[in-house]
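Visitor: mmCIF, C-alpha atoms, saved as target.cif, coming up:
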```
data_protein
#
loop_
_atom_site.label_atom_id
_atom_site.label_comp_id
_atom_site.auth_asym_id
_atom_site.auth_seq_id
_atom_site.Cartn_x
_atom_site.Cartn_y
_atom_site.Cartn_z
CA MET J 127 30.52 -21.65 -21.30
CA ASP J 128 27.77 -22.88 -18.96
CA SER J 129 28.76 -26.48 -19.73
CA THR J 130 32.43 -25.76 -18.95
CA ASN J 131 31.54 -24.06 -15.67
CA ARG J 132 29.29 -26.95 -14.73
CA GLN J 133 32.04 -29.48 -15.43
CA GLN J 134 34.54 -27.47 -13.37
CA SER J 135 32.06 -27.26 -10.52
CA GLU J 136 31.44 -31.01 -10.65
CA ARG J 137 35.18 -31.73 -10.61
CA GLU J 138 35.57 -29.41 -7.61
CA VAL J 139 32.81 -31.24 -5.73
CA GLN J 140 34.43 -34.59 -6.53
CA ARG J 141 37.84 -33.33 -5.37
CA VAL J 142 36.42 -32.09 -2.08
CA GLN J 143 34.62 -35.38 -1.48
CA SER J 144 37.76 -37.35 -2.32
CA ASN J 145 39.83 -35.23 0.08
CA ARG J 146 37.29 -35.67 2.87
CA GLU J 147 37.32 -39.44 2.43
CA GLU J 148 41.12 -39.51 2.36
CA LEU J 149 41.31 -37.39 5.52
CA VAL J 150 39.03 -39.83 7.35
CA GLU J 151 41.06 -42.80 6.15
CA ARG J 152 44.44 -41.32 7.09
CA LEU J 153 43.37 -40.07 10.53
CA ALA J 154 41.74 -43.42 11.33
CA ARG J 155 45.02 -45.13 10.44
CA ALA J 156 47.17 -42.63 12.32
CA ILE J 157 45.20 -42.94 15.58
CA HIS J 158 43.51 -46.34 15.73
CA LYS J 159 42.46 -46.20 19.41
CA ASP J 160 40.36 -43.66 21.28
CA GLY J 161 42.44 -40.85 22.74
CA THR J 162 44.89 -38.23 21.48
CA ALA J 163 48.25 -38.30 19.71
CA GLU J 164 50.80 -35.74 18.51
CA PRO J 165 52.55 -37.35 15.52
CA LEU J 166 54.09 -34.04 14.42
CA ALA J 167 55.14 -31.10 16.57
CA GLY J 168 52.11 -28.84 16.97
CA LEU J 169 49.68 -31.27 15.30
CA MET J 170 47.26 -33.00 17.71
CA LEU J 171 44.92 -35.81 16.61
CA ARG J 172 41.82 -36.96 18.49
CA ARG J 173 39.62 -40.06 18.16
CA ALA J 174 36.49 -41.01 20.10
CA SER J 175 34.04 -43.88 19.55
CA SER J 176 31.16 -42.27 21.44
CA PRO J 177 29.92 -38.79 22.36
CA THR J 178 31.55 -37.26 25.44
CA GLY J 179 30.30 -35.19 28.33
CA LEU J 180 31.23 -31.55 28.68
CA GLY J 181 34.94 -31.23 29.42
CA HIS J 182 36.57 -28.07 30.76
CA GLY J 183 39.96 -26.78 29.70
CA VAL J 184 41.89 -23.86 28.22
CA SER J 185 42.03 -22.96 24.54
CA TYR J 186 45.21 -21.87 22.75
CA PRO J 187 45.88 -20.28 19.35
CA SER J 188 44.89 -23.06 16.97
CA PHE J 189 43.20 -24.19 13.76
CA CYS J 190 40.78 -27.09 14.24
CA VAL J 191 39.35 -29.44 11.60
CA ILE J 192 37.00 -32.40 11.95
CA ALA J 193 37.22 -35.29 9.49
CA GLN J 194 34.27 -37.23 10.92
CA GLY J 195 31.66 -36.51 13.59
CA SER J 196 30.95 -33.14 15.19
CA LYS J 197 32.00 -31.12 18.22
CA GLU J 198 30.53 -28.38 20.37
CA LEU J 199 32.50 -25.70 22.19
CA LEU J 200 31.35 -23.16 24.76
CA LEU J 201 33.08 -19.85 25.43
CA GLY J 202 31.25 -17.81 28.04
CA ASP J 203 27.67 -17.57 26.77
CA ASN J 204 28.68 -18.34 23.16
CA ARG J 205 28.18 -21.83 21.73
CA TYR J 206 29.96 -23.10 18.60
CA ARG J 207 29.26 -26.36 16.77
CA TYR J 208 31.30 -27.58 13.82
CA ASN J 209 31.68 -30.65 11.60
CA PRO J 210 33.66 -31.77 8.51
CA ALA J 211 32.24 -28.87 6.48
CA HIS J 212 33.64 -26.25 8.88
CA TYR J 213 36.79 -25.25 10.72
CA LEU J 214 37.31 -23.44 14.01
CA ILE J 215 39.94 -20.87 14.93
CA ALA J 216 40.96 -19.91 18.46
CA THR J 217 43.25 -16.92 18.97
CA VAL J 218 44.18 -16.80 22.66
CA GLU J 219 44.29 -18.91 25.85
CA LEU J 220 40.84 -18.82 27.46
CA PRO J 221 38.82 -21.12 29.75
CA ILE J 222 36.41 -23.13 27.58
CA ALA J 223 34.16 -26.17 27.73
CA SER J 224 33.73 -28.65 24.88
CA ARG J 225 32.17 -31.98 24.03
CA ILE J 226 32.17 -34.42 21.13
CA ALA J 227 28.57 -34.37 19.93
CA GLU J 228 28.58 -37.07 17.22
CA ALA J 229 30.63 -40.29 17.32
CA SER J 230 30.10 -44.05 17.19
CA LYS J 231 32.17 -47.22 16.92
CA GLU J 232 31.22 -47.50 13.26
CA ARG J 233 31.92 -43.83 12.56
CA PRO J 234 34.27 -42.53 15.28
CA TYR J 235 34.96 -38.87 15.81
CA LEU J 236 38.21 -37.96 14.06
CA GLY J 237 39.69 -34.50 14.36
CA LEU J 238 42.92 -32.55 14.30
CA VAL J 239 44.21 -29.38 15.94
CA LEU J 240 47.11 -27.39 14.50
CA LYS J 241 48.77 -24.95 16.89
CA LEU J 242 49.20 -21.44 15.50
CA ASP J 243 52.49 -19.74 16.32
CA PRO J 244 51.95 -15.95 16.58
CA THR J 245 55.43 -15.36 15.18
CA LEU J 246 54.67 -17.46 12.10
CA VAL J 247 51.31 -15.77 11.62
CA GLY J 248 53.00 -12.36 11.83
CA SER J 249 55.67 -13.42 9.34
CA VAL J 250 53.11 -14.67 6.79
CA LEU J 251 51.06 -11.54 7.35
CA VAL J 252 54.01 -9.33 6.39
CA GLU J 253 55.23 -11.44 3.47
CA ALA J 254 51.73 -11.67 2.02
CA GLY J 255 51.42 -7.90 2.10
CA HIS J 256 48.52 -7.91 4.55
CA ARG J 257 48.24 -5.00 6.91
CA ALA J 258 48.07 -5.70 10.61
CA PRO J 259 44.84 -4.47 12.21
CA ARG J 260 45.01 -0.71 12.69
CA SER J 261 42.85 -0.85 15.75
CA GLN J 262 43.72 -2.80 18.87
CA SER J 263 40.07 -3.37 19.65
CA ALA J 264 39.40 -7.00 20.41
CA VAL J 265 37.52 -9.52 18.30
CA THR J 266 35.90 -12.63 19.68
CA ALA J 267 38.64 -15.17 20.29
CA ILE J 268 36.83 -18.12 18.68
CA ASP J 269 34.66 -18.59 15.59
CA VAL J 270 33.63 -21.18 12.98
CA SER J 271 33.65 -20.84 9.17
CA PRO J 272 33.08 -23.12 6.14
CA LEU J 273 36.12 -25.20 5.16
CA ASP J 274 36.88 -24.38 1.51
CA ALA J 275 38.47 -26.72 -1.04
CA GLY J 276 41.93 -25.12 -1.01
CA LEU J 277 42.22 -25.19 2.77
CA LEU J 278 40.99 -28.78 2.93
CA ASP J 279 43.54 -29.80 0.29
CA ALA J 280 46.39 -28.28 2.32
CA VAL J 281 45.20 -30.11 5.45
CA VAL J 282 45.14 -33.43 3.59
CA ARG J 283 48.68 -32.87 2.28
CA LEU J 284 49.87 -32.14 5.83
CA VAL J 285 48.29 -35.36 7.12
CA ARG J 286 49.86 -37.36 4.27
CA LEU J 287 53.25 -36.50 5.73
CA LEU J 288 52.46 -38.73 8.72
CA ASP J 289 53.48 -41.63 6.48
CA SER J 290 56.79 -39.95 5.56
CA PRO J 291 58.57 -38.68 8.71
CA SER J 292 61.76 -37.81 6.81
CA GLN J 293 59.80 -35.59 4.39
CA ALA J 294 57.67 -34.14 7.18
CA ARG J 295 60.72 -32.52 8.73
CA PHE J 296 61.11 -30.28 5.67
CA LEU J 297 57.63 -30.10 4.18
CA ALA J 298 55.40 -29.78 7.26
CA PRO J 299 56.60 -26.20 8.02
CA LEU J 300 55.93 -25.22 4.38
CA ILE J 301 52.41 -26.66 4.36
CA THR J 302 51.70 -25.11 7.76
CA ARG J 303 52.75 -21.78 6.31
CA GLU J 304 50.39 -22.34 3.37
CA ILE J 305 47.53 -23.13 5.77
CA VAL J 306 48.19 -19.89 7.66
CA TYR J 307 48.20 -17.97 4.36
CA ARG J 308 44.93 -19.56 3.24
CA LEU J 309 43.37 -18.69 6.60
CA LEU J 310 44.55 -15.09 6.22
CA ILE J 311 42.87 -14.72 2.81
CA GLY J 312 39.76 -16.56 3.96
CA ALA J 313 36.66 -15.73 6.00
CA GLN J 314 38.57 -15.46 9.25
CA GLY J 315 41.53 -13.47 7.98
CA GLY J 316 40.81 -10.57 10.32
CA ARG J 317 40.54 -12.84 13.31
CA LEU J 318 43.75 -14.70 12.41
CA SER J 319 45.56 -11.37 12.15
CA GLN J 320 44.71 -10.92 15.80
CA VAL J 321 46.79 -14.04 16.64
CA ALA J 322 49.89 -12.02 15.78
CA ALA J 323 48.61 -8.95 17.61
CA LEU J 324 47.52 -10.88 20.70
CA GLY J 325 50.83 -12.70 20.74
CA GLY J 326 52.63 -9.41 21.35
CA SER J 327 53.05 -7.64 24.65
CA THR J 328 51.58 -4.36 23.40
CA HIS J 329 47.96 -5.46 22.99
CA PRO J 330 46.09 -4.15 26.08
CA ILE J 331 43.46 -6.89 26.25
CA ALA J 332 46.12 -9.56 25.73
CA GLU J 333 48.01 -8.03 28.66
CA ALA J 334 44.89 -8.15 30.79
CA VAL J 335 44.15 -11.77 29.88
CA GLU J 336 47.72 -12.80 30.70
CA ARG J 337 47.65 -10.90 33.98
CA LEU J 338 44.39 -12.52 35.06
CA ARG J 339 45.68 -15.95 34.08
CA ASN J 340 48.85 -15.49 36.14
CA ASP J 341 47.15 -13.89 39.16
CA PHE J 342 43.79 -15.65 39.15
CA ASP J 343 44.10 -16.47 42.88
CA GLN J 344 44.49 -12.80 43.82
CA PRO J 345 41.69 -10.27 44.49
CA LEU J 346 40.40 -8.76 41.24
CA ARG J 347 40.77 -4.97 41.04
CA ILE J 348 39.28 -3.92 37.74
CA GLU J 349 39.89 -0.22 38.31
CA ASP J 350 43.63 -0.78 38.79
CA ILE J 351 43.95 -2.95 35.68
CA ALA J 352 42.00 -0.52 33.50
CA ARG J 353 44.06 2.44 34.74
CA GLU J 354 47.36 0.66 34.11
CA LEU J 355 46.24 -0.16 30.57
CA GLY J 356 45.16 3.41 29.93
CA MET J 357 41.48 2.46 29.53
CA SER J 358 38.26 3.45 31.23
CA VAL J 359 36.59 0.80 33.36
CA SER J 360 33.62 0.60 30.98
CA GLY J 361 35.92 0.46 27.93
CA PHE J 362 38.00 -2.30 29.49
CA HIS J 363 34.88 -4.33 30.33
CA HIS J 364 33.57 -3.95 26.78
CA HIS J 365 36.76 -4.98 24.98
CA PHE J 366 37.43 -7.83 27.42
CA ARG J 367 33.95 -9.25 26.89
CA VAL J 368 34.20 -8.96 23.09
CA LEU J 369 37.39 -11.06 23.11
CA THR J 370 36.50 -13.61 25.80
CA ALA J 371 32.67 -13.65 25.71
CA MET J 372 32.71 -13.20 29.50
CA SER J 373 33.36 -10.54 32.09
CA PRO J 374 36.74 -10.33 33.89
CA LEU J 375 35.06 -11.73 37.01
CA GLN J 376 33.58 -14.70 35.11
CA PHE J 377 36.97 -15.28 33.49
CA GLN J 378 38.75 -15.33 36.86
CA LYS J 379 36.06 -17.57 38.37
CA GLN J 380 36.43 -20.20 35.64
CA LEU J 381 40.23 -20.20 35.96
CA ARG J 382 39.96 -20.60 39.75
CA LEU J 383 37.49 -23.46 39.56
CA GLN J 384 39.47 -25.31 36.87
CA ALA J 385 42.65 -24.93 38.92
CA ALA J 386 40.87 -26.21 42.04
CA ARG J 387 39.61 -29.23 40.10
CA HIS J 388 43.16 -30.06 38.99
CA LEU J 389 44.43 -29.71 42.58
CA MET J 390 41.81 -32.12 43.93
CA LEU J 391 42.33 -34.61 41.11
CA GLY J 392 46.11 -34.36 40.89
CA GLU J 393 47.16 -33.69 44.49
CA GLY J 394 44.23 -35.24 46.36
CA LEU J 395 43.30 -32.02 48.17
CA ASP J 396 39.92 -31.75 49.85
CA ALA J 397 37.44 -29.14 48.59
CA ALA J 398 38.08 -26.57 51.32
CA SER J 399 41.87 -26.70 50.85
CA ALA J 400 41.63 -26.51 47.06
CA GLY J 401 39.21 -23.60 47.26
CA TYR J 402 41.50 -21.73 49.61
CA ARG J 403 44.52 -22.34 47.36
CA VAL J 404 42.80 -20.73 44.36
CA GLY J 405 41.51 -17.69 46.25
CA TYR J 406 38.20 -18.65 47.88
CA GLY J 407 37.90 -17.63 51.52
CA ASN J 408 34.50 -19.26 52.00
CA ALA J 409 34.17 -23.02 51.47
CA SER J 410 30.39 -22.89 50.96
CA HIS J 411 30.76 -20.20 48.31
CA PHE J 412 33.40 -22.30 46.55
CA THR J 413 31.20 -25.41 46.60
CA ARG J 414 28.20 -23.53 45.16
CA GLU J 415 30.19 -22.05 42.30
CA TYR J 416 31.96 -25.37 41.63
CA LYS J 417 28.63 -27.18 41.32
CA ARG J 418 27.26 -24.44 39.05
CA LEU J 419 30.19 -24.85 36.60
CA PHE J 420 30.83 -28.61 36.72
CA GLY J 421 27.33 -29.88 37.51
CA ALA J 422 28.18 -31.64 40.80
CA PRO J 423 29.69 -30.75 44.20
CA PRO J 424 33.51 -31.16 44.40
CA MET J 425 33.68 -34.59 46.07
CA ARG J 426 30.97 -36.13 43.89
CA ASP J 427 32.65 -34.67 40.80
CA MET J 428 35.97 -36.25 41.88
CA GLU J 429 34.27 -39.63 42.32
CA GLN J 430 32.75 -39.39 38.84
CA LEU J 431 36.05 -38.35 37.21
CA ARG J 432 38.00 -41.17 38.88
CA GLU J 433 35.33 -43.74 38.06
CA GLY J 434 35.37 -42.62 34.44
CA ALA J 435 39.16 -42.92 34.34
CA ARG J 436 38.99 -46.47 35.77
CA GLU J 437 36.44 -47.46 33.15
CA ARG J 438 38.60 -46.11 30.33
CA VAL J 439 41.63 -47.99 31.65
CA GLY J 440 39.56 -51.15 31.80
CA GLN J 441 38.49 -50.62 28.19
CA GLY J 442 42.05 -49.90 27.09
CA THR J 443 41.21 -46.39 25.86
CA VAL J 444 43.65 -44.38 27.99
#
```
As a first step, turn the structure in this file into structure tokens.
Guide:
Amino acid sequence: MDSTNRQQSEREVQRVQSNREELVERLARAIHKDGTAEPLAGLMLRRASSPTGLGHGVSYPSFCVIAQGSKELLLGDNRYRYNPAHYLIATVELPIASRIAEASKERPYLGLVLKLDPTLVGSVLVEAGHRAPRSQSAVTAIDVSPLDAGLLDAVVRLVRLLDSPSQARFLAPLITREIVYRLLIGAQGGRLSQVAALGGSTHPIAEAVERLRNDFDQPLRIEDIARELGMSVSGFHHHFRVLTAMSPLQFQKQLRLQAARHLMLGEGLDAASAGYRVGYGNASHFTREYKRLFGAPPMRDMEQLREGARERVGQGTV
């Protein structure tokens, strides 16, 4: 019996290693230059030949796997690092910062992100006989867990479809459904269940997040939001921080500063005008908070971003 178990264990290890190698090979072939690509609807690939600086953006409900290299993600005060042995789940749209921590020309970073549709998650939840969370209390929106053999196998089969577009049309939705099911029965099943709950309009913290995202340039009145959601101010603060790893004020501040950065970069606005557009009445206050988040004052940050873009164009990586 011990010999049989040992042989099964060895075969499992070999299968996992084979799948990891195949995933690296197929992603490297699918995206042969640094950058991003979306070969299938909802499936984003990323390649990088060197580590990157901290980039700021917004998360969305997704399942993230790394074939080669490693990545670090920051949500509020929480820091997550993952690699080919782990996967990451995000459940809601939140301001985040991330960087590719390990990558080289010889061994480039290769990763994929699969968008999670709340409707699909809810459907699989019901068909699999899983109960939706009884409580509407929030869970942290992002976490990392070990990538098991069954989940890795499903990911590899999804990536294989990149070589067969005609089959992908029919099979990709089925494999995506399998991935969702495997996530539901795995370590993050409870968190994935929240994707369906947070995707609905009845979840109070989801309502608050959406409201703050839409009205980030307006004055923040916590008491009004808490009262409209039927929560105490302290209860609202607690549940909001559990989900987002930041206070409502920190959440609004990050959204404002990211929006201002996009306005300066995309529309060429000066710092004072961009700050005013996103809700800052004091230019000095805006500049201080901008530097605290992005590491440089607005104009210097713009110069660095544009210089980096010119270098990437010159290297043919954009």
Visitor: For the contact check between range 284-397 of chain J and range 169-180 of chain J, emit one row per residue of range 284-397 of chain J within 10 Å, containing the shortest atom pair and the distance in Å rounded to one decimal, counting all atoms listed in the file, chain then rising number order, as CSV.
Guide:
```
residue,atom,partner,partner_atom,distance
J:Leu284,CA,J:Leu169,CA,9.5
J:Val285,CA,J:Leu169,CA,9.3
J:Ala298,CA,J:Leu169,CA,10.0
J:Thr302,CA,J:Leu169,CA,9.9
```
Visitor: Store the residues picked out above in a file with C-alpha atoms, as a CSV table (one decimal), in the frame of the given file.
Guide:
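Result written to again11.csv:
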```csv
chain,number,residue,atom,x,y,z
J,284,LEU,CA,49.9,-32.1,5.8
J,285,VAL,CA,48.3,-35.4,7.1
J,298,ALA,CA,55.4,-29.8,7.3
J,302,THR,CA,51.7,-25.1,7.8
```
Visitor: Tell me which of J:Leu355, J:Leu166, J:Met390, J:Leu236 sits closest to Arg426 in chain J, counting all atoms listed in the file.
Guide: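 Of the candidates, the smallest distance to Arg426 in chain J is held by J:Met390.
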Visitor: List the spatial neighbours of Ser185 in chain J as a VMD selection string - criterion: any atom at most 9 Å away, only C-alpha atoms, same-chain residues fewer than 2 positions off excluded.
Guide: chain J and resid 183 187 to 188 216 to 222
Visitor: Pull out every residue that the PyMOL selection byres ((chain J and resi 317) around 8) matches in the shown coordinates and put them as a list of chain:residue names.
Guide: J:Thr217, J:Val265, J:Thr266, J:Ala267, J:Gln314, J:Gly315, J:Gly316, J:Leu318, J:Ser319, J:Gln320, J:Val321
Visitor: Could you please take those selected residues and save C-alpha atoms as a compact mmCIF listing (two decimals), in the coordinates of the input?
Guide:
```
# COMPACT_ATOMS: atom_id res chain seq x y z
CA THR J 217 43.25 -16.92 18.97
CA VAL J 265 37.52 -9.52 18.30
CA THR J 266 35.90 -12.63 19.68
CA ALA J 267 38.64 -15.17 20.29
CA GLN J 314 38.57 -15.46 9.25
CA GLY J 315 41.53 -13.47 7.98
CA GLY J 316 40.81 -10.57 10.32
CA LEU J 318 43.75 -14.70 12.41
CA SER J 319 45.56 -11.37 12.15
CA GLN J 320 44.71 -10.92 15.80
CA VAL J 321 46.79 -14.04 16.64
```
Visitor: When you draw a straight line from CA of Thr370 in chain J to CA of Gly202 in chain J, how long is it in Å?
Guide: 7.1 Å
Visitor: Could you check the closest approach to Glu253 in chain J for each of J:Pro165, J:Tyr307, J:Pro299, J:Gly394 and tell me which residue wins, using only C-alpha atoms?
Guide: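 Once distances to Glu253 in chain J are computed over only C-alpha atoms, the minimum belongs to J:Tyr307.
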Visitor: Near Leu273 in chain J, within 6 Å and counting only C-alpha atoms, which residues show up once chain neighbours fewer than 3 positions away are dropped, as a VMD selection string?
Guide: chain J and resid 211 to 213
Visitor: Run the PyMOL selection byres ((chain J and resi 142) around 9) against the file shown and list the residues it catches, as a list in words.
Guide: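 In the shown coordinates, the PyMOL selection byres ((chain J and resi 142) around 9) covers Arg137, Glu138, Val139, Gln140, Arg141, Gln143, Ser144, Asn145, Arg146, Glu147, Asp274, Ala275, Gly276, Leu278 and Asp279 of chain J.
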Visitor: Any idea what the distance is between CA of Pro330 in chain J and CA of Ile351 in chain J?
Guide: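 CA of Ile351 in chain J lies 9.9 Å from CA of Pro330 in chain J.
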Visitor: Please put the answer as lines of an AutoDock Vina configuration file: centre and edge lengths, in Å with one decimal, of a box along x, y and z that encloses all listed atoms of range 154-173 of chain J plus 3 Å on each side.
Guide:
```
center_x = 47.4
center_y = -37.6
center_z = 16.6
size_x = 21.5
size_y = 23.5
size_z = 18.3
```
Visitor: For a test of reading the model, state the distance in Å between CA of Ser196 in chain J and CA of Glu228 in chain J, rounded to one decimal.
Guide: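 It comes out at 5.0 Å.
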Visitor: Starting from the shown file, work through the PyMOL selection byres ((chain J and resi 380) around 12) and note down what comes out as JSON, numbers by chain.
Guide: {"J": [182, 183, 184, 201, 202, 220, 221, 222, 223, 338, 339, 342, 343, 370, 372, 373, 374, 375, 376, 377, 378, 379, 381, 382, 383, 384, 385, 386, 387, 404, 412, 415, 416, 417, 418, 419, 420]}
Visitor: Of the candidates J:Arg303, J:Ile226, J:Asn204, J:Asp396, which one gets nearest to Val368 in chain J if we count only C-alpha atoms?
Guide: J:Asn204
Visitor: From the set J:Arg367, J:Leu288, J:Phe189, J:Ile331, which residue has the shortest atom-to-atom contact distance to Ala352 in chain J, counting only C-alpha atoms?
Guide: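 Closest residue, counting only C-alpha atoms: J:Ile331.
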